[in-house]
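Engineer: Mind looking over this structure? Questions follow.
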Amino acid sequence: MSGETLTSGEYIKHHLTNLTFGKHADGGWGMAHSAAEAKEMGFWAIHVDTMFWSLLLGVLFLYFFSKSAKAATSSVPGGLQNFVEWIVEFIDTSVRGSFSARNALVAPLALTIFVWIFLQNLMDLVPVDAIPLISGLLGIHFMKVVPSTDPNATFGMAIGVFLLVLFYSIKIKGVGGFVGELTLQPFSSKNPVVNLLFIPINFILEFVSLAAKPISLALRLFGNMYAGEMIFILIAIMYNAGLVLGLFGGVLQLGWAIFHILIITLQAFIFMTLTIVYLDMAHHEH
Amino acid sequence: MNINLTLIGQLLSFAVFVWFTMKYVWTPIMGALETRKKEIADGLAAAERGQHEQELAKERAKDVLHEAKAQAAEIVAQAQKRGAEIVDESKGTARTEGERILSAAQAEIEQEANRAREQLREKIGQLAVAGAEKILRKEIGANAHQDIVSALAKEI
């Protein structure tokens, strides 16, 4: 839909702008009408599209899974229950494989992460213009349908995981143990004075590796999905460049979408596995 | 690509989703899976037990069959023996009976022969007397030689 009125640059920018609700510069509340306006709203603004789609997908996931869980019987499972059980068993195997401590939270957490991120990523396979076109007809001018291309969404989850890592580190090892882990390794010495000198060096190293966990978790998912989305948008631009390029773009989009099925599943799986591993590390003393 | 309140919103909804999954999805499904696992294990154990029992029953049936066969053979042998005995017995009785009948018949024949001989002798005596009478009537009276004739008849 770039055609008549928008240049390619504007088209891309339009596609990468969230539907933002916040406080305008003049003091009133409302939707931002441009990317610049959205930026001016600062922290106290909310991406309505990201929230809407991620909540919709999350509720959809919970609806189907809890429905099948409620009807779950030990006798022969039906279609939906079979599918749900398959996923649950897959998650259970993954958790058993990488998580050695006992914690009832980890497996449901992993299931939520995997399915929710997968569904968010799956929105990437919807043609980039389809939903914005419909919402445009309804008078909503910005619509980013893939929540995981919004760093807010990925950082939201990553910070959630990070808080759990901190919580369990302190719960299992105690405050002293956790601080000790941050300051007394990897360098240590028998001489207390030298040891004291090592503390800041150790802290810098360990703090960076600790902080890298949520950041890498969030940025990996965001980067992959953002790049994938960008390629879909670029391919969509080709549709306006004549019949031959348009057909070529169609082939490219099909190919990229098929390849993307792999990526979205893989990214959901990586996020889940790393969460399990980080939590496992939080449960173990070094 | 602004970091804003959405972050907090996502964090909170993530927490709620995880809580919901834990309470209403994971626990019941794992419970059902656990129960099914147990049921399957029980079923397999029962099947194995059944198989074992079937094997035992087969063994027992084999034994019973063997015994029955042996018994049947014994009964047949006994019956054959008894049959032979009965045949022998009836052969014996038939022989004695036959002998008895034969001897009775022989006795009767002898009796009849004796009787016939007696009658014949008497008839010959009478014939001789009648002959003698005819001869003697010309020479002597019957009365005069009566005692001689009867003595003769008695001698025959």
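Here's how to read the names in the structure tokens: chain A, B, ... by the order shown, residue numbers from 1 in each chain, ligand numbers from 1 in the order shown.
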Tell me, which residues of segment 136-167 of chain A carry DSSP alpha helix (DSSP H), written as a PyMOL selection string?
Structural biologist: chain A and resi 136-137+151-167
Engineer: Using only all heavy atoms, please write the residues we just selected to a file, as a compact mmCIF listing (two decimals), in the first residue's frame.
Structural biologist:
# COMPACT_ATOMS: atom_id res chain seq x y z
N GLY A 136 -6.57 0.23 8.83
CA GLY A 136 -6.59 1.53 8.18
C GLY A 136 -8.00 1.89 7.74
O GLY A 136 -8.44 3.03 7.88
N LEU A 137 -8.73 0.88 7.22
CA LEU A 137 -10.11 1.12 6.83
C LEU A 137 -10.97 1.47 8.03
O LEU A 137 -11.97 2.18 7.92
CB LEU A 137 -10.67 -0.13 6.13
CG LEU A 137 -10.07 -0.43 4.75
CD1 LEU A 137 -10.65 -1.72 4.20
CD2 LEU A 137 -10.32 0.72 3.79
N PRO A 151 10.57 -4.07 21.09
CA PRO A 151 11.50 -4.40 22.18
C PRO A 151 10.82 -4.38 23.55
O PRO A 151 11.27 -5.06 24.47
CB PRO A 151 12.58 -3.34 22.07
CG PRO A 151 12.03 -2.28 21.18
CD PRO A 151 11.04 -2.94 20.30
N ASN A 152 9.74 -3.61 23.67
CA ASN A 152 9.03 -3.61 24.95
C ASN A 152 8.56 -5.02 25.32
O ASN A 152 8.62 -5.43 26.48
CB ASN A 152 7.82 -2.69 24.87
CG ASN A 152 8.24 -1.24 24.82
OD1 ASN A 152 8.86 -0.75 25.76
ND2 ASN A 152 7.95 -0.59 23.72
N ALA A 153 8.06 -5.73 24.32
CA ALA A 153 7.53 -7.07 24.58
C ALA A 153 8.65 -8.03 24.95
O ALA A 153 8.56 -8.77 25.94
CB ALA A 153 6.77 -7.58 23.36
N THR A 154 9.73 -7.99 24.16
CA THR A 154 10.79 -8.96 24.45
C THR A 154 11.50 -8.61 25.75
O THR A 154 11.80 -9.49 26.55
CB THR A 154 11.80 -9.00 23.29
OG1 THR A 154 12.41 -7.73 23.16
CG2 THR A 154 11.13 -9.38 22.00
N PHE A 155 11.72 -7.30 25.99
CA PHE A 155 12.35 -6.94 27.25
C PHE A 155 11.42 -7.20 28.43
O PHE A 155 11.87 -7.54 29.52
CB PHE A 155 12.79 -5.46 27.24
CG PHE A 155 14.18 -5.28 26.71
CD1 PHE A 155 14.41 -4.79 25.43
CD2 PHE A 155 15.28 -5.63 27.50
CE1 PHE A 155 15.69 -4.65 24.94
CE2 PHE A 155 16.56 -5.49 27.00
CZ PHE A 155 16.77 -4.99 25.72
N GLY A 156 10.14 -7.06 28.20
CA GLY A 156 9.19 -7.36 29.27
C GLY A 156 9.35 -8.78 29.75
O GLY A 156 9.47 -9.05 30.95
N MET A 157 9.40 -9.70 28.80
CA MET A 157 9.56 -11.10 29.18
C MET A 157 10.95 -11.38 29.75
O MET A 157 11.10 -12.07 30.75
CB MET A 157 9.33 -11.99 27.96
CG MET A 157 7.91 -12.43 27.82
SD MET A 157 7.70 -13.50 26.41
CE MET A 157 7.89 -12.34 25.10
N ALA A 158 11.97 -10.79 29.11
CA ALA A 158 13.34 -11.05 29.56
C ALA A 158 13.54 -10.52 30.97
O ALA A 158 14.19 -11.17 31.80
CB ALA A 158 14.34 -10.40 28.60
N ILE A 159 12.95 -9.36 31.27
CA ILE A 159 13.09 -8.82 32.62
C ILE A 159 12.33 -9.70 33.61
O ILE A 159 12.80 -9.94 34.72
CB ILE A 159 12.61 -7.35 32.65
CG1 ILE A 159 13.64 -6.48 31.92
CG2 ILE A 159 12.43 -6.86 34.08
CD1 ILE A 159 13.20 -5.06 31.71
N GLY A 160 11.18 -10.20 33.18
CA GLY A 160 10.46 -11.13 34.03
C GLY A 160 11.32 -12.33 34.39
O GLY A 160 11.41 -12.73 35.55
N VAL A 161 11.95 -12.90 33.37
CA VAL A 161 12.84 -14.05 33.61
C VAL A 161 14.00 -13.64 34.51
O VAL A 161 14.37 -14.36 35.45
CB VAL A 161 13.36 -14.59 32.26
CG1 VAL A 161 14.46 -15.62 32.50
CG2 VAL A 161 12.23 -15.20 31.47
N PHE A 162 14.55 -12.43 34.25
CA PHE A 162 15.70 -11.96 35.03
C PHE A 162 15.34 -11.79 36.51
O PHE A 162 16.11 -12.17 37.40
CB PHE A 162 16.20 -10.64 34.44
CG PHE A 162 17.47 -10.14 35.06
CD1 PHE A 162 18.63 -10.91 35.04
CD2 PHE A 162 17.51 -8.90 35.68
CE1 PHE A 162 19.80 -10.44 35.61
CE2 PHE A 162 18.67 -8.44 36.27
CZ PHE A 162 19.81 -9.20 36.23
N LEU A 163 14.15 -11.26 36.76
CA LEU A 163 13.71 -11.09 38.15
C LEU A 163 13.61 -12.46 38.83
O LEU A 163 13.98 -12.61 40.00
CB LEU A 163 12.35 -10.38 38.19
CG LEU A 163 12.38 -8.90 37.80
CD1 LEU A 163 10.98 -8.31 37.83
CD2 LEU A 163 13.30 -8.11 38.73
N LEU A 164 13.12 -13.46 38.09
CA LEU A 164 13.05 -14.80 38.66
C LEU A 164 14.44 -15.35 38.95
O LEU A 164 14.67 -15.99 39.98
CB LEU A 164 12.31 -15.74 37.71
CG LEU A 164 10.79 -15.58 37.67
CD1 LEU A 164 10.20 -16.45 36.58
CD2 LEU A 164 10.19 -15.94 39.02
N VAL A 165 15.38 -15.06 38.03
CA VAL A 165 16.76 -15.53 38.24
C VAL A 165 17.32 -14.90 39.51
O VAL A 165 17.89 -15.59 40.37
CB VAL A 165 17.64 -15.19 37.01
CG1 VAL A 165 19.11 -15.39 37.34
CG2 VAL A 165 17.24 -16.03 35.82
N LEU A 166 17.12 -13.58 39.65
CA LEU A 166 17.61 -12.90 40.86
C LEU A 166 16.93 -13.47 42.11
O LEU A 166 17.58 -13.78 43.11
CB LEU A 166 17.32 -11.39 40.77
CG LEU A 166 18.13 -10.61 39.75
CD1 LEU A 166 17.77 -9.14 39.83
CD2 LEU A 166 19.63 -10.79 40.01
N PHE A 167 15.61 -13.64 42.02
CA PHE A 167 14.85 -14.12 43.16
C PHE A 167 15.35 -15.49 43.63
O PHE A 167 15.64 -15.70 44.80
CB PHE A 167 13.37 -14.18 42.80
CG PHE A 167 12.51 -14.82 43.86
CD1 PHE A 167 12.24 -14.14 45.04
CD2 PHE A 167 12.01 -16.10 43.68
CE1 PHE A 167 11.45 -14.73 46.02
CE2 PHE A 167 11.23 -16.68 44.66
CZ PHE A 167 10.95 -16.00 45.84
Engineer: Residues at most 9 Å from Gly58 of chain A, counting only C-alpha atoms, excluding those fewer than 3 positions away in the same chain, as a PyMOL selection string?
Structural biologist: (chain A and resi 53-55+61-63+112+115-116+119-120) or (chain B and resi 13-14+17)
Engineer: Could those residues be written to a file, using N, CA, C and O atoms, as a PDB file, in the first residue's frame?
Structural biologist:
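So the final result, stored in selection_21.pdb, reads:
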ATOM      1  N   TRP A  53      -2.319  -7.284  20.588  1.00  0.00           N
ATOM      2  CA  TRP A  53      -2.032  -8.559  19.918  1.00  0.00           C
ATOM      3  C   TRP A  53      -1.411  -9.560  20.865  1.00  0.00           C
ATOM      4  O   TRP A  53      -1.752 -10.740  20.842  1.00  0.00           O
ATOM      5  N   SER A  54      -0.507  -9.100  21.737  1.00  0.00           N
ATOM      6  CA  SER A  54       0.122 -10.073  22.636  1.00  0.00           C
ATOM      7  C   SER A  54      -0.889 -10.603  23.645  1.00  0.00           C
ATOM      8  O   SER A  54      -0.902 -11.799  23.941  1.00  0.00           O
ATOM      9  N   LEU A  55      -1.771  -9.715  24.133  1.00  0.00           N
ATOM     10  CA  LEU A  55      -2.778 -10.206  25.074  1.00  0.00           C
ATOM     11  C   LEU A  55      -3.758 -11.133  24.376  1.00  0.00           C
ATOM     12  O   LEU A  55      -4.137 -12.175  24.914  1.00  0.00           O
ATOM     13  N   PHE A  61      -4.037 -18.662  23.664  1.00  0.00           N
ATOM     14  CA  PHE A  61      -3.209 -19.789  24.122  1.00  0.00           C
ATOM     15  C   PHE A  61      -3.776 -20.366  25.410  1.00  0.00           C
ATOM     16  O   PHE A  61      -4.001 -21.578  25.524  1.00  0.00           O
ATOM     17  N   LEU A  62      -4.055 -19.481  26.373  1.00  0.00           N
ATOM     18  CA  LEU A  62      -4.531 -19.973  27.666  1.00  0.00           C
ATOM     19  C   LEU A  62      -5.928 -20.577  27.533  1.00  0.00           C
ATOM     20  O   LEU A  62      -6.246 -21.559  28.195  1.00  0.00           O
ATOM     21  N   TYR A  63      -6.739 -19.985  26.635  1.00  0.00           N
ATOM     22  CA  TYR A  63      -8.092 -20.518  26.463  1.00  0.00           C
ATOM     23  C   TYR A  63      -8.028 -21.967  25.973  1.00  0.00           C
ATOM     24  O   TYR A  63      -8.621 -22.864  26.562  1.00  0.00           O
ATOM     25  N   THR A 112       4.671 -21.354  28.912  1.00  0.00           N
ATOM     26  CA  THR A 112       4.119 -20.036  28.578  1.00  0.00           C
ATOM     27  C   THR A 112       5.047 -19.317  27.602  1.00  0.00           C
ATOM     28  O   THR A 112       4.596 -18.770  26.584  1.00  0.00           O
ATOM     29  N   VAL A 115       5.030 -21.101  23.965  1.00  0.00           N
ATOM     30  CA  VAL A 115       3.826 -20.955  23.148  1.00  0.00           C
ATOM     31  C   VAL A 115       3.527 -19.486  22.885  1.00  0.00           C
ATOM     32  O   VAL A 115       3.171 -19.105  21.762  1.00  0.00           O
ATOM     33  N   TRP A 116       3.696 -18.652  23.889  1.00  0.00           N
ATOM     34  CA  TRP A 116       3.355 -17.239  23.709  1.00  0.00           C
ATOM     35  C   TRP A 116       4.288 -16.601  22.675  1.00  0.00           C
ATOM     36  O   TRP A 116       3.835 -15.916  21.760  1.00  0.00           O
ATOM     37  N   LEU A 119       3.463 -17.862  19.202  1.00  0.00           N
ATOM     38  CA  LEU A 119       2.274 -17.247  18.609  1.00  0.00           C
ATOM     39  C   LEU A 119       2.558 -15.800  18.183  1.00  0.00           C
ATOM     40  O   LEU A 119       2.117 -15.354  17.123  1.00  0.00           O
ATOM     41  N   GLN A 120       3.312 -15.074  19.033  1.00  0.00           N
ATOM     42  CA  GLN A 120       3.671 -13.697  18.667  1.00  0.00           C
ATOM     43  C   GLN A 120       4.468 -13.688  17.373  1.00  0.00           C
ATOM     44  O   GLN A 120       4.223 -12.889  16.465  1.00  0.00           O
TER      45      GLN A 120
ATOM     46  N   SER B  13       1.564  -8.758  32.178  1.00  0.00           N
ATOM     47  CA  SER B  13       0.738  -9.790  31.534  1.00  0.00           C
ATOM     48  C   SER B  13       1.501 -11.111  31.453  1.00  0.00           C
ATOM     49  O   SER B  13       0.913 -12.174  31.616  1.00  0.00           O
ATOM     50  N   PHE B  14       2.814 -11.002  31.279  1.00  0.00           N
ATOM     51  CA  PHE B  14       3.643 -12.225  31.281  1.00  0.00           C
ATOM     52  C   PHE B  14       3.501 -12.947  32.615  1.00  0.00           C
ATOM     53  O   PHE B  14       3.262 -14.162  32.660  1.00  0.00           O
ATOM     54  N   PHE B  17       0.111 -14.548  32.865  1.00  0.00           N
ATOM     55  CA  PHE B  17       0.017 -15.726  31.998  1.00  0.00           C
ATOM     56  C   PHE B  17       0.737 -16.922  32.612  1.00  0.00           C
ATOM     57  O   PHE B  17       0.240 -18.043  32.590  1.00  0.00           O
TER      58      PHE B  17
END
Engineer: Enumerate, in order of chain and increasing residue number, the residues of chain A with an atom no farther than 9 Å from chain B, each with its shortest atom pair and distance in Å to one decimal, counting only C-alpha atoms, as a Markdown table.
Structural biologist:
| residue | atom | partner | partner_atom | distance |
| --- | --- | --- | --- | --- |
| A:Leu16 | CA | B:Met1 | CA | 7.8 |
| A:Thr17 | CA | B:Met1 | CA | 7.2 |
| A:Asn18 | CA | B:Met1 | CA | 7.6 |
| A:Ala38 | CA | B:Asn2 | CA | 8.1 |
| A:Lys39 | CA | B:Asn2 | CA | 6.5 |
| A:Met41 | CA | B:Asn4 | CA | 8.9 |
| A:Gly42 | CA | B:Asn4 | CA | 6.7 |
| A:Phe43 | CA | B:Asn4 | CA | 4.0 |
| A:Trp44 | CA | B:Leu5 | CA | 5.6 |
| A:Ala45 | CA | B:Leu5 | CA | 5.6 |
| A:Ile46 | CA | B:Thr6 | CA | 4.9 |
| A:His47 | CA | B:Thr6 | CA | 5.7 |
| A:Val48 | CA | B:Thr6 | CA | 8.1 |
| A:Thr50 | CA | B:Thr6 | CA | 7.7 |
| A:Met51 | CA | B:Thr6 | CA | 6.9 |
| A:Ser54 | CA | B:Gln10 | CA | 8.1 |
| A:Leu55 | CA | B:Ser13 | CA | 7.4 |
| A:Gly58 | CA | B:Phe17 | CA | 7.1 |
| A:Val59 | CA | B:Phe17 | CA | 8.2 |
| A:Leu62 | CA | B:Thr21 | CA | 6.9 |
| A:Phe65 | CA | B:Val25 | CA | 6.0 |
| A:Ser66 | CA | B:Val25 | CA | 4.9 |
| A:Lys67 | CA | B:Val25 | CA | 8.3 |
| A:Ser68 | CA | B:Ile29 | CA | 8.1 |
| A:Ala69 | CA | B:Ile29 | CA | 5.2 |
| A:Lys70 | CA | B:Pro28 | CA | 6.9 |
| A:Ala72 | CA | B:Ala32 | CA | 6.0 |
| A:Thr73 | CA | B:Ala32 | CA | 5.5 |
| A:Ser74 | CA | B:Arg36 | CA | 4.4 |
| A:Ser75 | CA | B:Arg36 | CA | 6.6 |
| A:Val76 | CA | B:Arg36 | CA | 8.8 |
| A:Gln81 | CA | B:Ile29 | CA | 8.9 |
| A:Val84 | CA | B:Ile29 | CA | 8.6 |
| A:Glu85 | CA | B:Ile29 | CA | 7.2 |
| A:Val88 | CA | B:Trp26 | CA | 7.6 |
| A:Glu89 | CA | B:Met30 | CA | 8.6 |
| A:Ala104 | CA | B:Met22 | CA | 8.1 |
| A:Leu105 | CA | B:Met22 | CA | 6.8 |
| A:Ala107 | CA | B:Trp26 | CA | 7.8 |
| A:Pro108 | CA | B:Met22 | CA | 4.9 |
| A:Leu109 | CA | B:Val18 | CA | 5.4 |
| A:Ala110 | CA | B:Val18 | CA | 8.7 |
| A:Leu111 | CA | B:Thr21 | CA | 7.8 |
| A:Thr112 | CA | B:Val18 | CA | 5.8 |
| A:Ile113 | CA | B:Val18 | CA | 8.2 |
| A:Thr149 | CA | B:Met1 | CA | 8.9 |
| A:Asp150 | CA | B:Met1 | CA | 6.5 |
| A:Pro151 | CA | B:Met1 | CA | 6.8 |
| A:Asn152 | CA | B:Leu7 | CA | 4.4 |
| A:Ala153 | CA | B:Gln10 | CA | 5.6 |
| A:Thr154 | CA | B:Leu7 | CA | 8.4 |
| A:Phe155 | CA | B:Leu7 | CA | 6.7 |
| A:Gly156 | CA | B:Leu11 | CA | 4.4 |
| A:Met157 | CA | B:Leu11 | CA | 5.8 |
| A:Ala158 | CA | B:Leu11 | CA | 8.5 |
| A:Ile159 | CA | B:Leu11 | CA | 7.3 |
| A:Gly160 | CA | B:Leu11 | CA | 5.9 |
Engineer: So what do you get for atom CA of Phe203 of chain A versus atom CA of Ser100 of chain A, distance-wise?
Structural biologist: 26.9 Å
Engineer: Tell me, as a list of chain:residue names, which residues lie within 9 Å of Val149 of chain B, counting only C-alpha atoms; anything in the same chain fewer than 4 positions away does not count.
Structural biologist: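 My list of contacting residues is B:Val129, B:Ala132, B:Glu133, B:His145, B:Ala153, B:Lys154.
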Engineer: Dump N, CA and C atoms for the selected residues as a CSV table (one decimal), in the first residue's frame?
Structural biologist:
chain,number,residue,atom,x,y,z
B,129,VAL,N,-44.0,-167.7,15.8
B,129,VAL,CA,-45.0,-168.5,16.4
B,129,VAL,C,-46.1,-168.7,15.4
B,132,ALA,N,-44.8,-171.1,13.0
B,132,ALA,CA,-44.8,-172.4,13.7
B,132,ALA,C,-46.3,-172.9,13.8
B,133,GLU,N,-47.2,-172.0,14.2
B,133,GLU,CA,-48.6,-172.4,14.3
B,133,GLU,C,-49.1,-173.0,13.0
B,145,HIS,N,-49.0,-177.6,22.4
B,145,HIS,CA,-47.6,-177.0,22.4
B,145,HIS,C,-47.5,-175.6,22.8
B,153,ALA,N,-40.9,-168.1,22.8
B,153,ALA,CA,-41.1,-166.6,22.6
B,153,ALA,C,-40.3,-165.8,23.7
B,154,LYS,N,-40.3,-166.4,24.9
B,154,LYS,CA,-39.6,-165.8,25.9
B,154,LYS,C,-38.1,-165.8,25.7
Engineer: Which neighbours of Tyr226 of chain A fall inside 10 Å, counting only C-alpha atoms, when residues of the same chain fewer than 4 positions from it are skipped, and could you give them as a ChimeraX atom specification?
Structural biologist: /A:16,124,146-151,219-222,230-232
Engineer: Tell me which of A:Leu234, A:Leu210, A:His24, A:Phe64 sits closest to Gly246 of chain A, counting only C-alpha atoms.
Structural biologist: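 Smallest distance to Gly246 of chain A is found for A:Leu234.
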Engineer: My list of candidates is A:Leu279, A:Ile263, A:Ile140, A:Leu80. Which is closest to Glu229 of chain A when distances are computed with only C-alpha atoms?
Structural biologist: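 Among A:Leu279, A:Ile263, A:Ile140, A:Leu80, it is A:Ile263 that comes nearest to Glu229 of chain A.
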Engineer: Taking into account only C-alpha atoms, which residue in the set A:Tyr11, A:Phe178, A:Phe248, A:Phe271 is nearest to Ile215 of chain A?
Structural biologist: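 Closest residue, counting only C-alpha atoms: A:Phe271.
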Engineer: Go through A:Asn202, A:Thr20, A:Asn224, A:Thr7 one by one, measure the shortest atom-to-atom distance of each to Ala268 of chain A using only C-alpha atoms, and give the residue with the smallest value.
Structural biologist: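 Using only C-alpha atoms, Ala268 of chain A sits closest to A:Asn224.
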Engineer: In Å to one decimal, how far is atom CA of Ala282 of chain A from atom CA of Lys173 of chain A?
Structural biologist: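 A separation of 8.4 Å between them.
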